[in-house]
Amino acid sequence: MQKIDKILVGTHNKGKFIEISDLLPKKIEKISPINLDIESPVENGKTFEENSEIKANFFCEKSNLVTLSDDSGLEVDCLNGEPGIFSSRWADELGGFQNAMIKILDKVKKLNKNTNAQFVSSLTIRWPDGKKITETGIIKGNITDIKGTNGFGYDPIFIPKGYSKTFAEMNYLEKLKIDHRQVAYQKLFKKIKVYF
Ligand code: ITT
């Protein structure tokens with residue numbers, strides 16, 4: 001069994017790149033597809049798992065490096081799970097996260113139902129020989145008015161269960177210890193630690 005000494009962290013999202021790199025052991029070299037001039041694949045899967053595998057396959061085949069990719073997003077219960085796998089697209093189509101967050105808040109307020117929501121992350125590790133493992137992590141919480149300036153994406157409108165501040169009001173390490181990506185990584189780690 002060959003130990004892993006470098007990993008392509010298969011994402012173009014800087015916030016995700018930093019988090020995934022910090023979840024992995026320090027001794028492993030982390031490489032960005034941006035530095036290798038590898039573009040993003042078309043994400044045409046129907047689930048977080050499918051899109052995560054599409055990214056891992058694509059980046060691994062392009063780089064020939066062991067690759068770890070993430071597909072993630074925010075699911076709001078009263079919006080039937082929206083924006084879900086379209087979390088990134090909502091922000092792109094509305095001109096940024098501020099507008100996407102306002103859209104979510106407006107919709108939730110109009111419905112006047114509960115504010116339950118969850119962040120989901122599916123992580124896929126893929127080896128050049130085709131082997132791959134995918135694990136999914138969820139953190140439940142509630143949608144709230146925009147608060148805080150740390151983090152990225154939808155962090156300012158999400159308060160995890162058991163806490164009174166948004167992800168964007170937490171410091172980086174506080175979020176990293178509990179978030180959806182950490183939950184997915186812990187499941188994955190059990191299966192891949194032998195390669196580290
Ligand atoms: P890659 O596909 O290159 O990884 P992306 O940003 O398009 O980058 P996704 O397709 O997985 O990634 O979209 C996930 C969206 O959900 C994206 O808009 C993120 O900003 C948001 N998101 C995911 N995890 C988040 C987190 O921990 N905090 C805030 N927003 C998050």
# chains A, B, ... in the order shown; residues from 1 in each chain; ligands from 1
>>> residues_around(residues="A:Leu36", least_positions_apart="4", cutoff="9 Å", atoms="only C-alpha atoms", output="mmCIF file with all heavy atoms, in the first residue's frame")
data_model
loop_
_atom_site.group_PDB
_atom_site.id
_atom_site.type_symbol
_atom_site.label_atom_id
_atom_site.label_comp_id
_atom_site.auth_asym_id
_atom_site.auth_seq_id
_atom_site.Cartn_x
_atom_site.Cartn_y
_atom_site.Cartn_z
ATOM 1 N N ILE A 31 -2.052 20.529 -3.048
ATOM 2 C CA ILE A 31 -1.895 21.210 -4.329
ATOM 3 C C ILE A 31 -3.265 21.699 -4.809
ATOM 4 O O ILE A 31 -4.269 20.990 -4.653
ATOM 5 C CB ILE A 31 -1.259 20.248 -5.352
ATOM 6 C CG1 ILE A 31 0.145 19.879 -4.852
ATOM 7 C CG2 ILE A 31 -1.197 20.856 -6.748
ATOM 8 C CD1 ILE A 31 0.738 18.689 -5.528
ATOM 9 N N SER A 32 -3.277 22.904 -5.379
ATOM 10 C CA SER A 32 -4.535 23.466 -5.884
ATOM 11 C C SER A 32 -4.628 23.267 -7.392
ATOM 12 O O SER A 32 -3.637 23.454 -8.106
ATOM 13 C CB SER A 32 -4.578 24.961 -5.573
ATOM 14 O OG SER A 32 -5.532 25.595 -6.389
ATOM 15 N N SER A 63 -4.816 15.497 -13.320
ATOM 16 C CA SER A 63 -3.532 15.738 -12.624
ATOM 17 C C SER A 63 -2.726 14.471 -12.397
ATOM 18 O O SER A 63 -1.522 14.540 -12.131
ATOM 19 C CB SER A 63 -3.792 16.369 -11.257
ATOM 20 O OG SER A 63 -4.464 15.437 -10.419
#
>>> residues_near_ligand(ligand="ligand 1", cutoff="6 Å", atoms="only C-alpha atoms and all ligand atoms", output="MDAnalysis selection string")
chainID A and resid 11:13 70:73 87:88 152:155
>>> write_last_selection(atoms="all heavy atoms", output="mmCIF file, in the first residue's frame")
data_model
loop_
_atom_site.group_PDB
_atom_site.id
_atom_site.type_symbol
_atom_site.label_atom_id
_atom_site.label_comp_id
_atom_site.auth_asym_id
_atom_site.auth_seq_id
_atom_site.Cartn_x
_atom_site.Cartn_y
_atom_site.Cartn_z
ATOM 1 N N THR A 11 -10.755 21.747 -5.646
ATOM 2 C CA THR A 11 -11.772 22.790 -5.582
ATOM 3 C C THR A 11 -11.201 24.099 -6.092
ATOM 4 O O THR A 11 -9.996 24.332 -5.957
ATOM 5 C CB THR A 11 -12.286 22.988 -4.143
ATOM 6 O OG1 THR A 11 -13.243 24.053 -4.128
ATOM 7 C CG2 THR A 11 -11.173 23.322 -3.158
ATOM 8 N N HIS A 12 -12.067 24.936 -6.652
ATOM 9 C CA HIS A 12 -11.661 26.295 -7.033
ATOM 10 C C HIS A 12 -12.122 27.311 -5.996
ATOM 11 O O HIS A 12 -11.935 28.510 -6.173
ATOM 12 C CB HIS A 12 -12.242 26.652 -8.406
ATOM 13 C CG HIS A 12 -11.427 26.129 -9.550
ATOM 14 N ND1 HIS A 12 -10.775 26.950 -10.426
ATOM 15 C CD2 HIS A 12 -11.143 24.866 -9.936
ATOM 16 C CE1 HIS A 12 -10.138 26.214 -11.322
ATOM 17 N NE2 HIS A 12 -10.340 24.935 -11.047
ATOM 18 N N ASN A 13 -12.756 26.823 -4.936
ATOM 19 C CA ASN A 13 -13.273 27.718 -3.893
ATOM 20 C C ASN A 13 -12.190 27.885 -2.817
ATOM 21 O O ASN A 13 -11.794 26.910 -2.169
ATOM 22 C CB ASN A 13 -14.544 27.079 -3.316
ATOM 23 C CG ASN A 13 -15.157 27.870 -2.192
ATOM 24 O OD1 ASN A 13 -14.472 28.329 -1.293
ATOM 25 N ND2 ASN A 13 -16.470 28.012 -2.231
ATOM 26 N N ASP A 70 -14.782 18.196 -2.757
ATOM 27 C CA ASP A 70 -15.948 18.424 -1.902
ATOM 28 C C ASP A 70 -17.082 18.966 -2.752
ATOM 29 O O ASP A 70 -16.858 19.829 -3.605
ATOM 30 C CB ASP A 70 -15.574 19.466 -0.838
ATOM 31 C CG ASP A 70 -16.756 20.151 -0.171
ATOM 32 O OD1 ASP A 70 -17.397 20.990 -0.821
ATOM 33 O OD2 ASP A 70 -17.028 19.877 1.008
ATOM 34 N N ASP A 71 -18.286 18.459 -2.529
ATOM 35 C CA ASP A 71 -19.455 19.178 -3.012
ATOM 36 C C ASP A 71 -20.309 19.457 -1.795
ATOM 37 O O ASP A 71 -20.552 18.567 -0.975
ATOM 38 C CB ASP A 71 -20.239 18.391 -4.062
ATOM 39 C CG ASP A 71 -21.203 19.315 -4.795
ATOM 40 O OD1 ASP A 71 -20.734 20.245 -5.478
ATOM 41 O OD2 ASP A 71 -22.426 19.127 -4.661
ATOM 42 N N SER A 72 -20.737 20.687 -1.662
ATOM 43 C CA SER A 72 -21.409 21.062 -0.427
ATOM 44 C C SER A 72 -22.494 22.089 -0.707
ATOM 45 O O SER A 72 -22.630 22.576 -1.828
ATOM 46 C CB SER A 72 -20.384 21.612 0.567
ATOM 47 O OG SER A 72 -19.531 22.544 -0.061
ATOM 48 N N GLY A 73 -23.245 22.419 0.335
ATOM 49 C CA GLY A 73 -24.274 23.425 0.164
ATOM 50 C C GLY A 73 -25.173 23.517 1.369
ATOM 51 O O GLY A 73 -25.060 22.748 2.324
ATOM 52 N N SER A 87 -26.348 25.728 -4.443
ATOM 53 C CA SER A 87 -25.913 26.828 -3.564
ATOM 54 C C SER A 87 -24.952 27.776 -4.265
ATOM 55 O O SER A 87 -25.058 28.995 -4.141
ATOM 56 C CB SER A 87 -25.245 26.253 -2.308
ATOM 57 O OG SER A 87 -26.180 25.528 -1.545
ATOM 58 N N SER A 88 -23.996 27.220 -4.998
ATOM 59 C CA SER A 88 -23.008 28.040 -5.680
ATOM 60 C C SER A 88 -23.676 28.805 -6.828
ATOM 61 O O SER A 88 -23.451 30.002 -7.026
ATOM 62 C CB SER A 88 -21.910 27.115 -6.208
ATOM 63 O OG SER A 88 -20.876 27.854 -6.725
ATOM 64 N N PHE A 152 -16.888 32.215 4.710
ATOM 65 C CA PHE A 152 -17.184 32.430 3.295
ATOM 66 C C PHE A 152 -18.622 31.987 3.001
ATOM 67 O O PHE A 152 -19.309 31.455 3.876
ATOM 68 C CB PHE A 152 -16.182 31.678 2.407
ATOM 69 C CG PHE A 152 -16.234 30.174 2.568
ATOM 70 C CD1 PHE A 152 -16.988 29.380 1.705
ATOM 71 C CD2 PHE A 152 -15.526 29.543 3.586
ATOM 72 C CE1 PHE A 152 -17.030 27.996 1.840
ATOM 73 C CE2 PHE A 152 -15.575 28.157 3.738
ATOM 74 C CZ PHE A 152 -16.324 27.389 2.865
ATOM 75 N N GLY A 153 -19.022 32.206 1.766
ATOM 76 C CA GLY A 153 -20.324 31.717 1.303
ATOM 77 C C GLY A 153 -21.483 32.118 2.214
ATOM 78 O O GLY A 153 -21.663 33.295 2.545
ATOM 79 N N TYR A 154 -22.248 31.111 2.634
ATOM 80 C CA TYR A 154 -23.467 31.346 3.403
ATOM 81 C C TYR A 154 -23.222 31.375 4.918
ATOM 82 O O TYR A 154 -24.175 31.348 5.693
ATOM 83 C CB TYR A 154 -24.501 30.261 3.063
ATOM 84 C CG TYR A 154 -24.959 30.301 1.628
ATOM 85 C CD1 TYR A 154 -24.362 29.492 0.652
ATOM 86 C CD2 TYR A 154 -25.973 31.158 1.213
ATOM 87 C CE1 TYR A 154 -24.770 29.525 -0.675
ATOM 88 C CE2 TYR A 154 -26.388 31.204 -0.108
ATOM 89 C CZ TYR A 154 -25.788 30.389 -1.050
ATOM 90 O OH TYR A 154 -26.193 30.442 -2.362
ATOM 91 N N ASP A 155 -21.983 31.432 5.341
ATOM 92 C CA ASP A 155 -21.665 31.427 6.780
ATOM 93 C C ASP A 155 -22.433 32.479 7.595
ATOM 94 O O ASP A 155 -22.843 32.195 8.727
ATOM 95 C CB ASP A 155 -20.157 31.612 6.996
ATOM 96 C CG ASP A 155 -19.379 30.326 6.763
ATOM 97 O OD1 ASP A 155 -19.993 29.241 6.780
ATOM 98 O OD2 ASP A 155 -18.153 30.407 6.573
#
>>> residues_around(residues="A:Lys103", least_positions_apart="4", cutoff="10 Å", atoms="only C-alpha atoms", output="list in words")
Trp90, Ala91, Leu94, Phe97, Gln98, Asn99, Lys107, Val108 and Lys109 of chain A
>>> write_last_selection(atoms="all heavy atoms", output="JSON list (two decimals), in the first residue's frame")
[["chain", "number", "residue", "atom", "x", "y", "z"],
["A", 90, "TRP", "N", -26.82, 29.74, -7.16],
["A", 90, "TRP", "CA", -27.68, 30.85, -6.70],
["A", 90, "TRP", "C", -26.83, 32.11, -6.57],
["A", 90, "TRP", "O", -27.24, 33.18, -7.00],
["A", 90, "TRP", "CB", -28.32, 30.52, -5.35],
["A", 90, "TRP", "CG", -29.60, 29.75, -5.44],
["A", 90, "TRP", "CD1", -29.90, 28.78, -6.35],
["A", 90, "TRP", "CD2", -30.75, 29.89, -4.60],
["A", 90, "TRP", "NE1", -31.16, 28.29, -6.11],
["A", 90, "TRP", "CE2", -31.71, 28.95, -5.04],
["A", 90, "TRP", "CE3", -31.06, 30.69, -3.50],
["A", 90, "TRP", "CZ2", -32.95, 28.81, -4.43],
["A", 90, "TRP", "CZ3", -32.29, 30.55, -2.88],
["A", 90, "TRP", "CH2", -33.23, 29.63, -3.35],
["A", 91, "ALA", "N", -25.67, 31.97, -5.95],
["A", 91, "ALA", "CA", -24.81, 33.15, -5.75],
["A", 91, "ALA", "C", -24.32, 33.68, -7.09],
["A", 91, "ALA", "O", -24.34, 34.89, -7.33],
["A", 91, "ALA", "CB", -23.64, 32.78, -4.84],
["A", 94, "LEU", "N", -27.23, 35.42, -8.94],
["A", 94, "LEU", "CA", -27.79, 36.62, -8.29],
["A", 94, "LEU", "C", -26.73, 37.71, -8.09],
["A", 94, "LEU", "O", -26.99, 38.74, -7.48],
["A", 94, "LEU", "CB", -28.41, 36.25, -6.94],
["A", 94, "LEU", "CG", -29.65, 35.36, -7.02],
["A", 94, "LEU", "CD1", -29.97, 34.75, -5.67],
["A", 94, "LEU", "CD2", -30.84, 36.18, -7.51],
["A", 97, "PHE", "N", -22.95, 36.34, -2.95],
["A", 97, "PHE", "CA", -23.55, 35.68, -1.78],
["A", 97, "PHE", "C", -24.48, 36.59, -1.00],
["A", 97, "PHE", "O", -25.45, 36.12, -0.40],
["A", 97, "PHE", "CB", -22.46, 35.10, -0.87],
["A", 97, "PHE", "CG", -21.91, 33.83, -1.43],
["A", 97, "PHE", "CD1", -20.74, 33.82, -2.15],
["A", 97, "PHE", "CD2", -22.62, 32.65, -1.29],
["A", 97, "PHE", "CE1", -20.26, 32.66, -2.71],
["A", 97, "PHE", "CE2", -22.15, 31.48, -1.85],
["A", 97, "PHE", "CZ", -20.97, 31.49, -2.56],
["A", 98, "GLN", "N", -24.15, 37.89, -0.96],
["A", 98, "GLN", "CA", -25.01, 38.82, -0.24],
["A", 98, "GLN", "C", -26.44, 38.71, -0.79],
["A", 98, "GLN", "O", -27.40, 38.56, -0.03],
["A", 98, "GLN", "CB", -24.46, 40.25, -0.42],
["A", 98, "GLN", "CG", -25.06, 41.27, 0.51],
["A", 98, "GLN", "CD", -24.60, 41.12, 1.96],
["A", 98, "GLN", "OE1", -23.65, 40.37, 2.26],
["A", 98, "GLN", "NE2", -25.28, 41.79, 2.87],
["A", 99, "ASN", "N", -26.56, 38.75, -2.11],
["A", 99, "ASN", "CA", -27.89, 38.68, -2.73],
["A", 99, "ASN", "C", -28.53, 37.30, -2.54],
["A", 99, "ASN", "O", -29.74, 37.19, -2.33],
["A", 99, "ASN", "CB", -27.80, 38.99, -4.23],
["A", 99, "ASN", "CG", -27.45, 40.44, -4.47],
["A", 99, "ASN", "OD1", -27.59, 41.27, -3.57],
["A", 99, "ASN", "ND2", -27.00, 40.76, -5.67],
["A", 107, "LYS", "N", -37.39, 34.64, 1.35],
["A", 107, "LYS", "CA", -38.28, 33.49, 1.12],
["A", 107, "LYS", "C", -38.70, 32.87, 2.46],
["A", 107, "LYS", "O", -39.86, 32.53, 2.66],
["A", 107, "LYS", "CB", -37.56, 32.42, 0.29],
["A", 107, "LYS", "CG", -37.53, 32.73, -1.20],
["A", 107, "LYS", "CD", -36.84, 31.56, -1.92],
["A", 107, "LYS", "CE", -37.26, 31.50, -3.37],
["A", 107, "LYS", "NZ", -37.55, 30.19, -3.87],
["A", 108, "VAL", "N", -37.74, 32.72, 3.35],
["A", 108, "VAL", "CA", -38.03, 32.09, 4.65],
["A", 108, "VAL", "C", -38.99, 32.96, 5.45],
["A", 108, "VAL", "O", -39.96, 32.47, 6.04],
["A", 108, "VAL", "CB", -36.71, 31.83, 5.44],
["A", 108, "VAL", "CG1", -37.00, 31.42, 6.87],
["A", 108, "VAL", "CG2", -35.87, 30.78, 4.73],
["A", 109, "LYS", "N", -38.77, 34.29, 5.42],
["A", 109, "LYS", "CA", -39.64, 35.19, 6.19],
["A", 109, "LYS", "C", -41.06, 35.17, 5.65],
["A", 109, "LYS", "O", -42.03, 35.17, 6.41],
["A", 109, "LYS", "CB", -39.07, 36.61, 6.17],
["A", 109, "LYS", "CG", -37.97, 36.76, 7.22],
["A", 109, "LYS", "CD", -37.33, 38.13, 7.22],
["A", 109, "LYS", "CE", -36.09, 38.07, 8.11],
["A", 109, "LYS", "NZ", -35.16, 39.16, 7.87]]
>>> select_by_dssp(residues="stretch 4-157 of chain A", states="strand (DSSP E or B)", output="PyMOL selection string")
chain A and resi 6-10+29-31+67-76+83+116-126+132-143
>>> closest_residue(among="A:Phe196, A:Phe167, A:Tyr185, A:Phe158", to="A:Ile104", atoms="only C-alpha atoms")
A:Phe158
>>> residues_around(residues="A:Lys62", least_positions_apart="4", cutoff="10 Å", atoms="only C-alpha atoms", output="number ranges by chain")
A: 33, 36, 38-39, 56-58, 128
>>> residues_around(residues="A:Ile133", least_positions_apart="3", cutoff="12 Å", atoms="only C-alpha atoms", output="list in words")
Glu49, Glu50, Ser52, Glu53, Ala56, Asn57, Val66, Thr67, Leu68, Ser69, Asp70, Ser122, Leu123, Thr124, Ile125, Arg126, Trp127, Gly130, Thr136, Ala184, Tyr185, Lys187, Leu188, Phe189, Lys190, Lys191 and Ile192 of chain A
>>> write_last_selection(atoms="C-alpha atoms", output="compact mmCIF listing (two decimals), in the first residue's frame")
# COMPACT_ATOMS: atom_id res chain seq x y z
CA GLU A 49 -22.32 12.68 -3.64
CA GLU A 50 -22.56 12.56 -7.44
CA SER A 52 -18.32 15.33 -5.41
CA GLU A 53 -17.36 12.24 -7.40
CA ALA A 56 -12.74 14.08 -7.81
CA ASN A 57 -12.71 12.00 -11.01
CA VAL A 66 -4.59 11.49 -5.43
CA THR A 67 -7.46 13.98 -5.22
CA LEU A 68 -9.84 15.07 -2.50
CA SER A 69 -12.92 16.98 -3.66
CA ASP A 70 -15.95 18.42 -1.90
CA SER A 122 -19.73 15.18 0.47
CA LEU A 123 -16.03 14.49 0.30
CA THR A 124 -14.55 12.12 -2.27
CA ILE A 125 -11.01 10.83 -2.29
CA ARG A 126 -9.98 9.38 -5.63
CA TRP A 127 -6.77 7.58 -6.55
CA GLY A 130 -9.73 4.50 -10.01
CA THR A 136 -21.09 12.82 3.66
CA ALA A 184 -17.54 14.15 6.51
CA TYR A 185 -13.77 14.14 6.98
CA LYS A 187 -15.91 9.44 8.54
CA LEU A 188 -13.46 9.42 5.65
CA PHE A 189 -10.42 9.56 7.93
CA LYS A 190 -11.37 6.24 9.57
CA LYS A 191 -11.08 4.60 6.13
CA ILE A 192 -7.99 6.38 4.80
>>> closest_residue(among="A:Lys110, A:Lys6, A:Lys193, A:Lys140", to="A:Asn64", atoms="only C-alpha atoms")
A:Lys6
>>> residues_around(residues="A:Glu75", least_positions_apart="5", cutoff="6 Å", atoms="only C-alpha atoms", output="list in words")
Gly81, Glu82, Pro83, Gly84, Ala117 and Gln118 of chain A
>>> atom_distance(atom1="atom CA of A:Ile157", atom2="atom CA of A:Asn142")
8.1 Å
>>> residues_around(residues="A:Ile139", least_positions_apart="4", cutoff="7 Å", atoms="only C-alpha atoms", output="list of chain:residue names")
A:Gln118, A:Phe119, A:Val120, A:Pro160, A:Asp179, A:His180
>>> atom_distance(atom1="atom CA of A:Glu135", atom2="atom CA of A:Leu23")
14.3 Å
>>> closest_residue(among="A:Gly141, A:Pro41, A:Lys132, A:Lys30", to="A:Ile18", atoms="only C-alpha atoms")
A:Lys30
>>> select_by_dssp(residues="chain A", states="helix (DSSP H, G or I)", output="ChimeraX atom specification")
/A:14-23,48-63,77-79,84-94,97-111,155-157,172-178,180-195
>>> closest_residue(among="A:Cys60, A:Ile138, A:Val76, A:Val183", to="A:Ile20", atoms="only C-alpha atoms")
A:Val183
